[in-house]
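Please read the structure below before turning to the comments.
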Amino acid sequence: MSWTPQEIKRLNIAASIFSVLILLVVVFMRKIHIETSIDFSFLPIFHSSLNAIAGIVLILAYIQIRKGHIQNHKRLMSTALIMSGVFLISYVLYHITTPEVRYCGEGPIRTIYFLLLISHVVLSGISFPFILFTFIRGLTDQRARHKKLAKIVFPVWLYICVSGPICFLMLYPCMR
């Protein structure tokens, strides 16, 4: 499919607006609390698993592009993006319906946890629009621009997909 400059511009504008909206939701989700009789305590393991699987899918997509299998790469990247989107919905749903769990570890492990958590959260917020723009570049067959951006975005996205489940595993003993 051939994309016109106007269509690409509209996609970029939509990605920008969507990025701002998502960032606002995530920033203010701690201020929103919805009372519900549904127990969402199962969600952390679900969205942590989604994050980990998205990381595996990203690695598979990287392998496919290195082999020159563009269609497989596109399918896998679409899958990773969808999984990350479902993760985000699950994450927000959990945090607006469930009381916050505080980290209970002490000593040096506490510092490690918070460094990992802070880097995970900051990089997630910063990288979200760049993930979308990288995806759009690939979708619209802007290969040179896609490749240039992907060299930076891929390792950051992979770090996010790995550090999230590690944070969850470190927090898990505190959830009981």
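Following the order of the structure tokens, chains are lettered A, B, ..., residues in each are numbered from 1, and ligands are numbered from 1.
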**Request:** Would you kindly return, as a count of residues only, each protein, DNA or RNA residue with an atom no farther than 12 Å from any atom of A:Leu58, considering only C-alpha atoms and excluding same-chain residues fewer than 5 positions away?
**Result:** 31
Listing only residues of stretch 68-99 of chain A within 12 Å of stretch 30-33 of chain A, what is the closest atom pair and its distance in Å (to one decimal) for each, using only C-alpha atoms, sorted by chain and residue number ascending, as CSV?
residue,atom,partner,partner_atom,distance
A:Tyr91,CA,A:Arg30,CA,11.4
A:Val92,CA,A:Arg30,CA,9.1
A:Leu93,CA,A:His33,CA,9.7
A:Tyr94,CA,A:His33,CA,9.9
A:His95,CA,A:Arg30,CA,6.7
A:Ile96,CA,A:His33,CA,4.7
A:Thr97,CA,A:His33,CA,5.7
A:Thr98,CA,A:His33,CA,7.8
A:Pro99,CA,A:His33,CA,8.6
**Fill in**
Closest of A:Thr140, A:Phe135, A:Ser90, A:Ser163 to A:Leu115, counting only C-alpha atoms, is A:Ser163
**Request:** If you run DSSP over the backbone, which residues in stretch 18-58 of chain A end up helix (DSSP H, G or I)? Put them as a PyMOL selection string.
**Result:** chain A and resi 18-31+43-58
**Request:** Using atom CA of A:Val86 and atom CA of A:Cys174 as the two end points, give the distance in Å to one decimal.
**Result:**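 Interatomic distance here is 24.7 Å.
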**Prompt:** Quick one: residues within 10 Å of A:Leu132, only C-alpha atoms counted, chain neighbours fewer than 5 positions away excluded, as a ChimeraX atom specification?
**Reply:** /A:11-12,14-16,18-19,81,127,137-138,153
**Request:** Would you mind telling me which residue in A:Ser119, A:Ser124, A:Thr111, A:Gln71 lies nearest to A:Leu88 when using only C-alpha atoms?
**Result:** A:Ser124
**Request:** Could you tell me which of A:Leu117, A:Leu50, A:Ile22, A:Leu60 comes closest to A:Tyr103 if we count only C-alpha atoms?
**Result:** A:Leu117
**Message:** Nearest residue to A:Phe128 out of A:Val26, A:Cys104, A:Ile112, A:Ile56, using only C-alpha atoms?
**Reply:**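 Of A:Val26, A:Cys104, A:Ile112, A:Ile56, the one nearest A:Phe128 is A:Val26, counting only C-alpha atoms.
Across A:Asp141, A:Val27, A:Gly85, A:Ile109, the tightest approach to A:Trp3 is made by A:Asp141 when counting only C-alpha atoms.
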**Message:** Env of A:Gln142: 12 Å cut, atoms = only C-alpha atoms, seq-sep filter 3 positions within chain, self excluded. Answer as a count of residues only.
**Reply:** 18
**Prompt:** Using only C-alpha atoms, which of A:Ile70, A:Leu123, A:Val101, A:Leu171 sits nearest A:Arg143?
**Reply:**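 Looking only at the distances to A:Arg143, the closest residue turns out to be A:Ile70.
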